[in-house]
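Structure file final_4.pdb (PDB, C-alpha atoms) is printed below.
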```pdb
ATOM      1  CA  MET V   1       0.000   0.000   0.000  1.00  0.00           C
ATOM      2  CA  PRO V   2       1.546   3.313  -0.994  1.00  0.00           C
ATOM      3  CA  ARG V   3       2.391   5.549   1.821  1.00  0.00           C
ATOM      4  CA  GLN V   4       0.166   8.637   2.119  1.00  0.00           C
ATOM      5  CA  GLN V   5       2.042  11.855   1.908  1.00  0.00           C
ATOM      6  CA  GLN V   6       1.140  14.437   4.452  1.00  0.00           C
ATOM      7  CA  GLN V   7       0.662  17.905   3.107  1.00  0.00           C
ATOM      8  CA  ALA V   8       3.251  20.268   4.485  1.00  0.00           C
ATOM      9  CA  ALA V   9       1.777  22.945   6.717  1.00  0.00           C
ATOM     10  CA  ARG V  10       1.898  26.367   5.171  1.00  0.00           C
ATOM     11  CA  PRO V  11       4.195  28.663   7.149  1.00  0.00           C
ATOM     12  CA  VAL V  12       2.391  31.467   8.916  1.00  0.00           C
ATOM     13  CA  ARG V  13       3.500  34.856   7.662  1.00  0.00           C
ATOM     14  CA  ARG V  14       4.831  36.905  10.549  1.00  0.00           C
ATOM     15  CA  ARG V  15       3.245  40.348  10.651  1.00  0.00           C
ATOM     16  CA  SER V  16       4.899  42.263  13.414  1.00  0.00           C
ATOM     17  CA  TYR V  17       7.452  45.021  13.653  1.00  0.00           C
ATOM     18  CA  ASP V  18       8.541  43.497  16.981  1.00  0.00           C
ATOM     19  CA  GLN V  19       8.790  46.928  18.550  1.00  0.00           C
ATOM     20  CA  PHE V  20       7.432  47.840  21.976  1.00  0.00           C
ATOM     21  CA  CYS V  21       5.827  50.976  20.563  1.00  0.00           C
ATOM     22  CA  ALA V  22       2.151  51.960  20.294  1.00  0.00           C
ATOM     23  CA  ASN V  23       2.520  53.045  16.655  1.00  0.00           C
ATOM     24  CA  ALA V  24       4.251  49.804  15.706  1.00  0.00           C
ATOM     25  CA  ARG V  25       1.612  47.708  17.474  1.00  0.00           C
ATOM     26  CA  ALA V  26      -1.161  49.608  15.705  1.00  0.00           C
ATOM     27  CA  LEU V  27       0.511  49.080  12.332  1.00  0.00           C
ATOM     28  CA  ASP V  28       0.817  45.382  13.096  1.00  0.00           C
ATOM     29  CA  SER V  29      -3.001  45.341  12.851  1.00  0.00           C
ATOM     30  CA  VAL V  30      -3.816  47.976  10.230  1.00  0.00           C
ATOM     31  CA  GLY V  31      -0.585  48.620   8.345  1.00  0.00           C
ATOM     32  CA  ASP V  32      -1.221  46.185   5.510  1.00  0.00           C
ATOM     33  CA  ARG V  33      -2.381  47.593   2.174  1.00  0.00           C
ATOM     34  CA  TRP V  34      -6.201  47.885   1.916  1.00  0.00           C
ATOM     35  CA  THR V  35      -6.966  47.336   5.617  1.00  0.00           C
ATOM     36  CA  LEU V  36      -7.779  50.958   6.485  1.00  0.00           C
ATOM     37  CA  LEU V  37      -9.823  51.327   3.296  1.00  0.00           C
ATOM     38  CA  ILE V  38     -11.881  48.305   4.339  1.00  0.00           C
ATOM     39  CA  VAL V  39     -12.426  50.055   7.673  1.00  0.00           C
ATOM     40  CA  ARG V  40     -13.537  53.152   5.747  1.00  0.00           C
ATOM     41  CA  GLU V  41     -16.182  51.062   3.984  1.00  0.00           C
ATOM     42  CA  LEU V  42     -17.388  49.375   7.177  1.00  0.00           C
ATOM     43  CA  LEU V  43     -17.785  52.700   8.978  1.00  0.00           C
ATOM     44  CA  GLY V  44     -20.963  53.007   6.902  1.00  0.00           C
ATOM     45  CA  GLY V  45     -22.397  49.854   8.456  1.00  0.00           C
ATOM     46  CA  PRO V  46     -22.400  46.089   7.805  1.00  0.00           C
ATOM     47  CA  ARG V  47     -21.496  45.092   4.247  1.00  0.00           C
ATOM     48  CA  ARG V  48     -21.446  41.925   2.206  1.00  0.00           C
ATOM     49  CA  TYR V  49     -18.204  40.688   0.700  1.00  0.00           C
ATOM     50  CA  THR V  50     -19.469  41.464  -2.811  1.00  0.00           C
ATOM     51  CA  ASP V  51     -20.325  45.053  -1.823  1.00  0.00           C
ATOM     52  CA  LEU V  52     -16.872  45.554  -0.327  1.00  0.00           C
ATOM     53  CA  HIS V  53     -15.230  44.200  -3.458  1.00  0.00           C
ATOM     54  CA  ALA V  54     -17.336  46.498  -5.659  1.00  0.00           C
ATOM     55  CA  ASP V  55     -16.415  49.618  -3.659  1.00  0.00           C
ATOM     56  CA  LEU V  56     -12.711  48.804  -3.376  1.00  0.00           C
ATOM     57  CA  PRO V  57     -11.676  48.978  -7.043  1.00  0.00           C
ATOM     58  CA  GLY V  58      -8.311  47.356  -7.611  1.00  0.00           C
ATOM     59  CA  VAL V  59      -8.326  44.874  -4.729  1.00  0.00           C
ATOM     60  CA  SER V  60      -8.116  41.206  -5.694  1.00  0.00           C
ATOM     61  CA  THR V  61     -10.546  38.712  -4.221  1.00  0.00           C
ATOM     62  CA  ASP V  62      -7.678  36.843  -2.528  1.00  0.00           C
ATOM     63  CA  VAL V  63      -6.281  39.969  -0.889  1.00  0.00           C
ATOM     64  CA  LEU V  64      -9.710  41.143   0.273  1.00  0.00           C
ATOM     65  CA  ALA V  65     -10.489  37.747   1.800  1.00  0.00           C
ATOM     66  CA  SER V  66      -7.074  37.688   3.499  1.00  0.00           C
ATOM     67  CA  ARG V  67      -7.469  41.196   4.950  1.00  0.00           C
ATOM     68  CA  LEU V  68     -10.942  40.411   6.271  1.00  0.00           C
ATOM     69  CA  LYS V  69      -9.625  37.287   7.993  1.00  0.00           C
ATOM     70  CA  ASP V  70      -6.816  39.328   9.518  1.00  0.00           C
ATOM     71  CA  MET V  71      -9.313  41.936  10.728  1.00  0.00           C
ATOM     72  CA  GLU V  72     -11.414  39.216  12.363  1.00  0.00           C
ATOM     73  CA  HIS V  73      -8.302  37.734  13.976  1.00  0.00           C
ATOM     74  CA  ASN V  74      -7.228  41.151  15.294  1.00  0.00           C
ATOM     75  CA  GLY V  75     -10.662  41.941  16.716  1.00  0.00           C
ATOM     76  CA  LEU V  76     -11.436  44.759  14.276  1.00  0.00           C
ATOM     77  CA  ALA V  77     -14.363  43.137  12.466  1.00  0.00           C
ATOM     78  CA  VAL V  78     -16.778  40.230  12.777  1.00  0.00           C
ATOM     79  CA  ARG V  79     -18.750  38.268  10.240  1.00  0.00           C
ATOM     80  CA  ARG V  80     -22.360  37.362  10.930  1.00  0.00           C
ATOM     81  CA  ARG V  81     -25.171  35.688   9.042  1.00  0.00           C
ATOM     82  CA  LEU V  82     -28.188  37.780   8.110  1.00  0.00           C
ATOM     83  CA  PRO V  83     -31.560  36.364   9.218  1.00  0.00           C
ATOM     84  CA  PRO V  84     -33.958  34.950   6.601  1.00  0.00           C
ATOM     85  CA  PRO V  85     -35.010  35.722   3.950  1.00  0.00           C
ATOM     86  CA  ALA V  86     -31.528  37.127   3.156  1.00  0.00           C
ATOM     87  CA  PRO V  87     -29.161  34.131   3.203  1.00  0.00           C
ATOM     88  CA  ALA V  88     -25.984  36.191   3.175  1.00  0.00           C
ATOM     89  CA  SER V  89     -23.113  37.008   5.480  1.00  0.00           C
ATOM     90  CA  VAL V  90     -21.994  40.530   6.296  1.00  0.00           C
ATOM     91  CA  TYR V  91     -18.899  42.019   7.863  1.00  0.00           C
ATOM     92  CA  GLU V  92     -19.136  44.742  10.476  1.00  0.00           C
ATOM     93  CA  LEU V  93     -16.751  46.616  12.711  1.00  0.00           C
ATOM     94  CA  THR V  94     -16.316  45.772  16.369  1.00  0.00           C
ATOM     95  CA  GLU V  95     -16.053  48.493  18.994  1.00  0.00           C
ATOM     96  CA  ARG V  96     -12.283  48.313  18.541  1.00  0.00           C
ATOM     97  CA  GLY V  97     -12.718  48.704  14.796  1.00  0.00           C
ATOM     98  CA  HIS V  98     -14.966  51.737  15.273  1.00  0.00           C
ATOM     99  CA  GLY V  99     -12.183  53.206  17.392  1.00  0.00           C
ATOM    100  CA  LEU V 100     -10.296  53.793  14.138  1.00  0.00           C
ATOM    101  CA  LEU V 101     -12.749  56.557  13.155  1.00  0.00           C
ATOM    102  CA  PRO V 102     -10.520  59.403  14.433  1.00  0.00           C
ATOM    103  CA  VAL V 103      -7.560  57.807  12.646  1.00  0.00           C
ATOM    104  CA  LEU V 104      -9.444  57.743   9.334  1.00  0.00           C
ATOM    105  CA  ALA V 105     -10.772  61.266   9.935  1.00  0.00           C
ATOM    106  CA  ALA V 106      -7.249  62.560  10.552  1.00  0.00           C
ATOM    107  CA  LEU V 107      -5.948  60.790   7.444  1.00  0.00           C
ATOM    108  CA  ALA V 108      -8.791  62.276   5.403  1.00  0.00           C
ATOM    109  CA  ALA V 109      -7.995  65.777   6.672  1.00  0.00           C
ATOM    110  CA  TRP V 110      -4.317  65.274   5.832  1.00  0.00           C
ATOM    111  CA  GLY V 111      -5.007  63.595   2.497  1.00  0.00           C
ATOM    112  CA  THR V 112      -7.426  66.179   1.063  1.00  0.00           C
ATOM    113  CA  HIS V 113      -4.435  68.381   0.267  1.00  0.00           C
ATOM    114  CA  ALA V 114      -3.292  65.749  -2.251  1.00  0.00           C
ATOM    115  CA  LEU V 115      -6.596  65.894  -4.162  1.00  0.00           C
ATOM    116  CA  ASP V 116      -5.928  68.902  -6.368  1.00  0.00           C
ATOM    117  CA  GLU V 117      -7.361  67.246  -9.458  1.00  0.00           C
ATOM    118  CA  ARG V 118      -8.948  63.937 -10.341  1.00  0.00           C
ATOM    119  CA  ARG V 119      -6.779  61.716 -12.520  1.00  0.00           C
ATOM    120  CA  PRO V 120      -8.380  59.833 -15.437  1.00  0.00           C
ATOM    121  CA  THR V 121      -7.609  56.532 -13.681  1.00  0.00           C
ATOM    122  CA  ASP V 122      -9.136  57.561 -10.344  1.00  0.00           C
ATOM    123  CA  ALA V 123     -12.203  55.645  -9.206  1.00  0.00           C
ATOM    124  CA  VAL V 124     -14.714  57.592  -7.134  1.00  0.00           C
ATOM    125  CA  ARG V 125     -17.664  56.802  -4.892  1.00  0.00           C
ATOM    126  CA  ALA V 126     -19.915  59.429  -3.356  1.00  0.00           C
ATOM    127  CA  HIS V 127     -19.536  58.133   0.216  1.00  0.00           C
ATOM    128  CA  TRP V 128     -15.749  58.625   0.041  1.00  0.00           C
ATOM    129  CA  PHE V 129     -16.468  62.325   0.629  1.00  0.00           C
ATOM    130  CA  ALA V 130     -18.277  61.642   3.912  1.00  0.00           C
ATOM    131  CA  LEU V 131     -15.267  61.903   6.213  1.00  0.00           C
ATOM    132  CA  PRO V 132     -14.044  65.260   4.831  1.00  0.00           C
ATOM    133  CA  LEU V 133     -17.596  66.616   5.084  1.00  0.00           C
ATOM    134  CA  LEU V 134     -17.996  65.410   8.664  1.00  0.00           C
ATOM    135  CA  ARG V 135     -15.164  67.705   9.669  1.00  0.00           C
ATOM    136  CA  ALA V 136     -17.231  70.714   8.577  1.00  0.00           C
ATOM    137  CA  LEU V 137     -20.334  69.408  10.377  1.00  0.00           C
ATOM    138  CA  ASP V 138     -18.454  68.680  13.579  1.00  0.00           C
ATOM    139  CA  GLY V 139     -19.341  71.948  15.320  1.00  0.00           C
ATOM    140  CA  LEU V 140     -23.115  71.620  14.921  1.00  0.00           C
ATOM    141  CA  THR V 141     -25.041  71.503  18.192  1.00  0.00           C
ATOM    142  CA  HIS V 142     -28.195  69.775  16.893  1.00  0.00           C
ATOM    143  CA  GLU V 143     -27.942  66.078  16.165  1.00  0.00           C
ATOM    144  CA  GLY V 144     -29.497  64.361  13.196  1.00  0.00           C
ATOM    145  CA  VAL V 145     -29.082  62.684   9.832  1.00  0.00           C
ATOM    146  CA  VAL V 146     -27.964  64.841   6.923  1.00  0.00           C
ATOM    147  CA  GLU V 147     -28.673  63.522   3.442  1.00  0.00           C
ATOM    148  CA  VAL V 148     -26.011  64.670   0.979  1.00  0.00           C
ATOM    149  CA  ALA V 149     -26.499  64.945  -2.783  1.00  0.00           C
ATOM    150  CA  LEU V 150     -23.417  65.076  -5.013  1.00  0.00           C
ATOM    151  CA  ASN V 151     -23.120  64.632  -8.751  1.00  0.00           C
ATOM    152  CA  GLU V 152     -21.359  61.352  -7.929  1.00  0.00           C
ATOM    153  CA  GLY V 153     -24.353  60.060  -5.956  1.00  0.00           C
ATOM    154  CA  ASP V 154     -26.046  60.340  -2.572  1.00  0.00           C
ATOM    155  CA  PHE V 155     -24.981  59.364   0.919  1.00  0.00           C
ATOM    156  CA  HIS V 156     -25.941  60.409   4.425  1.00  0.00           C
ATOM    157  CA  VAL V 157     -24.028  61.315   7.558  1.00  0.00           C
ATOM    158  CA  ARG V 158     -24.862  61.769  11.220  1.00  0.00           C
ATOM    159  CA  ALA V 159     -24.107  65.278  12.432  1.00  0.00           C
ATOM    160  CA  GLY V 160     -23.828  66.597  15.953  1.00  0.00           C
ATOM    161  CA  GLY V 161     -22.611  63.442  17.693  1.00  0.00           C
ATOM    162  CA  GLY V 162     -23.284  59.750  17.483  1.00  0.00           C
ATOM    163  CA  GLY V 163     -20.159  58.451  19.191  1.00  0.00           C
ATOM    164  CA  ALA V 164     -17.537  56.008  18.017  1.00  0.00           C
ATOM    165  CA  ALA V 165     -19.937  53.039  18.132  1.00  0.00           C
ATOM    166  CA  ALA V 166     -22.525  54.612  15.826  1.00  0.00           C
ATOM    167  CA  GLU V 167     -22.603  54.402  12.043  1.00  0.00           C
ATOM    168  CA  VAL V 168     -21.117  57.741  11.072  1.00  0.00           C
ATOM    169  CA  TYR V 169     -22.342  57.612   7.486  1.00  0.00           C
ATOM    170  CA  GLY V 170     -24.468  55.482   5.227  1.00  0.00           C
ATOM    171  CA  PHE V 171     -24.816  54.640   1.570  1.00  0.00           C
ATOM    172  CA  GLY V 172     -27.468  56.237  -0.594  1.00  0.00           C
ATOM    173  CA  PRO V 173     -30.393  58.401   0.571  1.00  0.00           C
ATOM    174  CA  ALA V 174     -31.490  58.263   4.207  1.00  0.00           C
ATOM    175  CA  GLU V 175     -34.898  56.947   5.230  1.00  0.00           C
ATOM    176  CA  ARG V 176     -35.801  59.924   7.439  1.00  0.00           C
ATOM    177  CA  PRO V 177     -33.207  62.675   7.169  1.00  0.00           C
ATOM    178  CA  GLU V 178     -33.581  65.789   9.292  1.00  0.00           C
ATOM    179  CA  VAL V 179     -32.052  67.881   6.509  1.00  0.00           C
ATOM    180  CA  ARG V 180     -30.932  67.516   2.912  1.00  0.00           C
ATOM    181  CA  ILE V 181     -28.003  69.389   1.390  1.00  0.00           C
ATOM    182  CA  ALA V 182     -26.725  69.555  -2.170  1.00  0.00           C
ATOM    183  CA  LEU V 183     -23.179  70.529  -3.108  1.00  0.00           C
ATOM    184  CA  ASP V 184     -20.321  69.325  -5.269  1.00  0.00           C
ATOM    185  CA  ALA V 185     -17.364  67.094  -4.466  1.00  0.00           C
ATOM    186  CA  ALA V 186     -14.844  69.913  -4.838  1.00  0.00           C
ATOM    187  CA  LEU V 187     -16.623  71.867  -2.108  1.00  0.00           C
ATOM    188  CA  CYS V 188     -16.593  68.790   0.152  1.00  0.00           C
ATOM    189  CA  LEU V 189     -12.823  68.773  -0.142  1.00  0.00           C
ATOM    190  CA  GLU V 190     -12.577  72.515   0.520  1.00  0.00           C
ATOM    191  CA  LEU V 191     -14.677  72.022   3.656  1.00  0.00           C
ATOM    192  CA  GLY V 192     -12.473  69.120   4.703  1.00  0.00           C
ATOM    193  CA  ARG V 193      -9.318  71.195   4.247  1.00  0.00           C
ATOM    194  CA  GLY V 194     -10.824  74.086   6.188  1.00  0.00           C
ATOM    195  CA  ASP V 195     -10.506  76.414   3.192  1.00  0.00           C
ATOM    196  CA  VAL V 196     -14.137  77.427   3.630  1.00  0.00           C
ATOM    197  CA  THR V 197     -16.588  77.074   6.505  1.00  0.00           C
ATOM    198  CA  LEU V 198     -20.029  75.543   6.333  1.00  0.00           C
ATOM    199  CA  ALA V 199     -21.623  78.923   7.062  1.00  0.00           C
ATOM    200  CA  GLU V 200     -19.650  80.601   4.253  1.00  0.00           C
ATOM    201  CA  ALA V 201     -20.583  77.907   1.727  1.00  0.00           C
ATOM    202  CA  VAL V 202     -24.257  78.124   2.668  1.00  0.00           C
ATOM    203  CA  GLY V 203     -24.137  81.923   2.634  1.00  0.00           C
ATOM    204  CA  ASP V 204     -22.697  82.190  -0.864  1.00  0.00           C
ATOM    205  CA  GLY V 205     -25.152  79.639  -2.254  1.00  0.00           C
ATOM    206  CA  ARG V 206     -22.699  76.808  -2.893  1.00  0.00           C
ATOM    207  CA  ILE V 207     -24.724  74.577  -0.574  1.00  0.00           C
ATOM    208  CA  THR V 208     -28.493  74.345  -0.880  1.00  0.00           C
ATOM    209  CA  VAL V 209     -30.333  73.275   2.260  1.00  0.00           C
ATOM    210  CA  SER V 210     -33.827  71.809   2.535  1.00  0.00           C
ATOM    211  CA  GLY V 211     -35.626  70.843   5.723  1.00  0.00           C
ATOM    212  CA  ASP V 212     -37.695  72.433   8.472  1.00  0.00           C
ATOM    213  CA  GLY V 213     -36.216  71.139  11.712  1.00  0.00           C
ATOM    214  CA  PRO V 214     -33.685  72.697  14.104  1.00  0.00           C
ATOM    215  CA  LEU V 215     -30.708  71.027  12.396  1.00  0.00           C
ATOM    216  CA  ALA V 216     -31.706  72.472   9.026  1.00  0.00           C
ATOM    217  CA  ALA V 217     -32.168  75.910  10.620  1.00  0.00           C
ATOM    218  CA  GLU V 218     -28.737  75.706  12.251  1.00  0.00           C
ATOM    219  CA  ILE V 219     -27.074  74.777   8.969  1.00  0.00           C
ATOM    220  CA  ARG V 220     -28.828  77.689   7.287  1.00  0.00           C
ATOM    221  CA  GLY V 221     -27.600  79.972  10.066  1.00  0.00           C
ATOM    222  CA  GLU V 222     -31.076  80.904  11.272  1.00  0.00           C
TER
END
```

Could you spell out this file's structure in structure tokens?
Amino acid sequence: MPRQQQQAARPVRRRSYDQFCANARALDSVGDRWTLLIVRELLGGPRRYTDLHADLPGVSTDVLASRLKDMEHNGLAVRRRLPPPAPASVYELTERGHGLLPVLAALAAWGTHALDERRPTDAVRAHWFALPLLRALDGLTHEGVVEVALNEGDFHVRAGGGGAAAEVYGFGPAERPEVRIALDAALCLELGRGDVTLAEAVGDGRITVSGDGPLAAEIRGE
């Protein structure tokens, strides 16, 4: 009887800087290519694998699957099964994963200065402008959902609070927004850079505001 050959165990790739440093430890978890962009997508709420792949142009299926496994292993995300009649699994951030919101917000504020013009090869999704816009909405005192209309599409954000555990933005129109605003992507970036304030953009007509509640009135400066 021929002897069965045992398959050699695949060596585990070591992913550590081996430095007793907070920055190094953080990068052990999120320093791989695509990981923080997956976090960016999951900040909008639970997403299916196919949705993540569609909104991360350029990532291979193997790399995406590998990063998601790493994020589960590192306690940044979990996978759960949706209840019937939707037989699908979704990925969502854990509390630790949501703790990366200020990191992504700071990167967005820093990175907007590199977005002088859109290259012909650049992909774009409307919700990618949510984090720069949130910086401009940060000082609002009234809390609520703001529906945002861009030429690139619609998304919605939560202004005036929400905390690290809340979904800070969502995809597409909101079900019951307190206010709706319309502007262009270039203005979102200007707001994110701090080149213009929300009040100035509303005052000069570059943002149109619709809604009757206190949040809409505050955005209009009433």

Counting all atoms listed in the file, which residues come within 9 Å of (-17.7, 43.8, 13.6), with the point read in the file's coordinates, and could you list them as a PyMOL selection string?
chain V and resi 42+46+72+75-80+91-98

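Among the candidates V:Ala159, V:His73, V:Glu41, V:Pro57, the one nearest to Asp28 of chain V when counting only C-alpha atoms is V:His73.
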
Among the residues V:Val209, V:Leu150, V:Val202, V:Ile181, the one that comes closest to Val124 of chain V [using all atoms listed in the file]
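Looking at the shortest contact to Val124 of chain V, the residue is V:Leu150.
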
One number please: atom CA of Leu36 of chain V to atom CA of Pro83 of chain V, in Å, one decimal.
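Going from atom CA of Leu36 of chain V over to atom CA of Pro83 of chain V, I get 28.0 Å.
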
Distance criterion (all atoms listed in the file): nearest to Val39 of chain V out of V:Pro87, V:Gly172, V:Pro177, V:Pro102
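Looking at the shortest contact to Val39 of chain V, the residue is V:Pro102.
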
Just the residues within 10 Å of Val63 of chain V, please, counting only C-alpha atoms, with nothing from its chain fewer than 6 positions along; format it as a compact mmCIF listing (two decimals) with C-alpha atoms, in the coordinates of the input.
```
# COMPACT_ATOMS: atom_id res chain seq x y z
CA ARG V 33 -2.38 47.59 2.17
CA TRP V 34 -6.20 47.88 1.92
CA THR V 35 -6.97 47.34 5.62
CA LYS V 69 -9.62 37.29 7.99
```

Write out as a short mmCIF file (atom, residue, chain, number, x, y, z; two decimals) with C-alpha atoms, keeping the file's coordinate frame each polymer residue whose atoms come within 9 Å of Thr112 of chain V, counting only C-alpha atoms; drop sequence neighbours fewer than 6 positions from it.
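Now in part.cif:
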```cif
data_model
loop_
_atom_site.label_atom_id
_atom_site.label_comp_id
_atom_site.auth_asym_id
_atom_site.auth_seq_id
_atom_site.Cartn_x
_atom_site.Cartn_y
_atom_site.Cartn_z
CA PRO V 132 -14.04 65.26 4.83
CA LEU V 189 -12.82 68.77 -0.14
CA GLU V 190 -12.58 72.52 0.52
CA GLY V 192 -12.47 69.12 4.70
CA ARG V 193 -9.32 71.19 4.25
#
```

Residue contacts of Val59 of chain V (12 Å, all atoms listed in the file) excluding same-chain residues fewer than 4 positions away, as number ranges by chain
V: 33-35, 37-38, 50, 52-55, 63-67
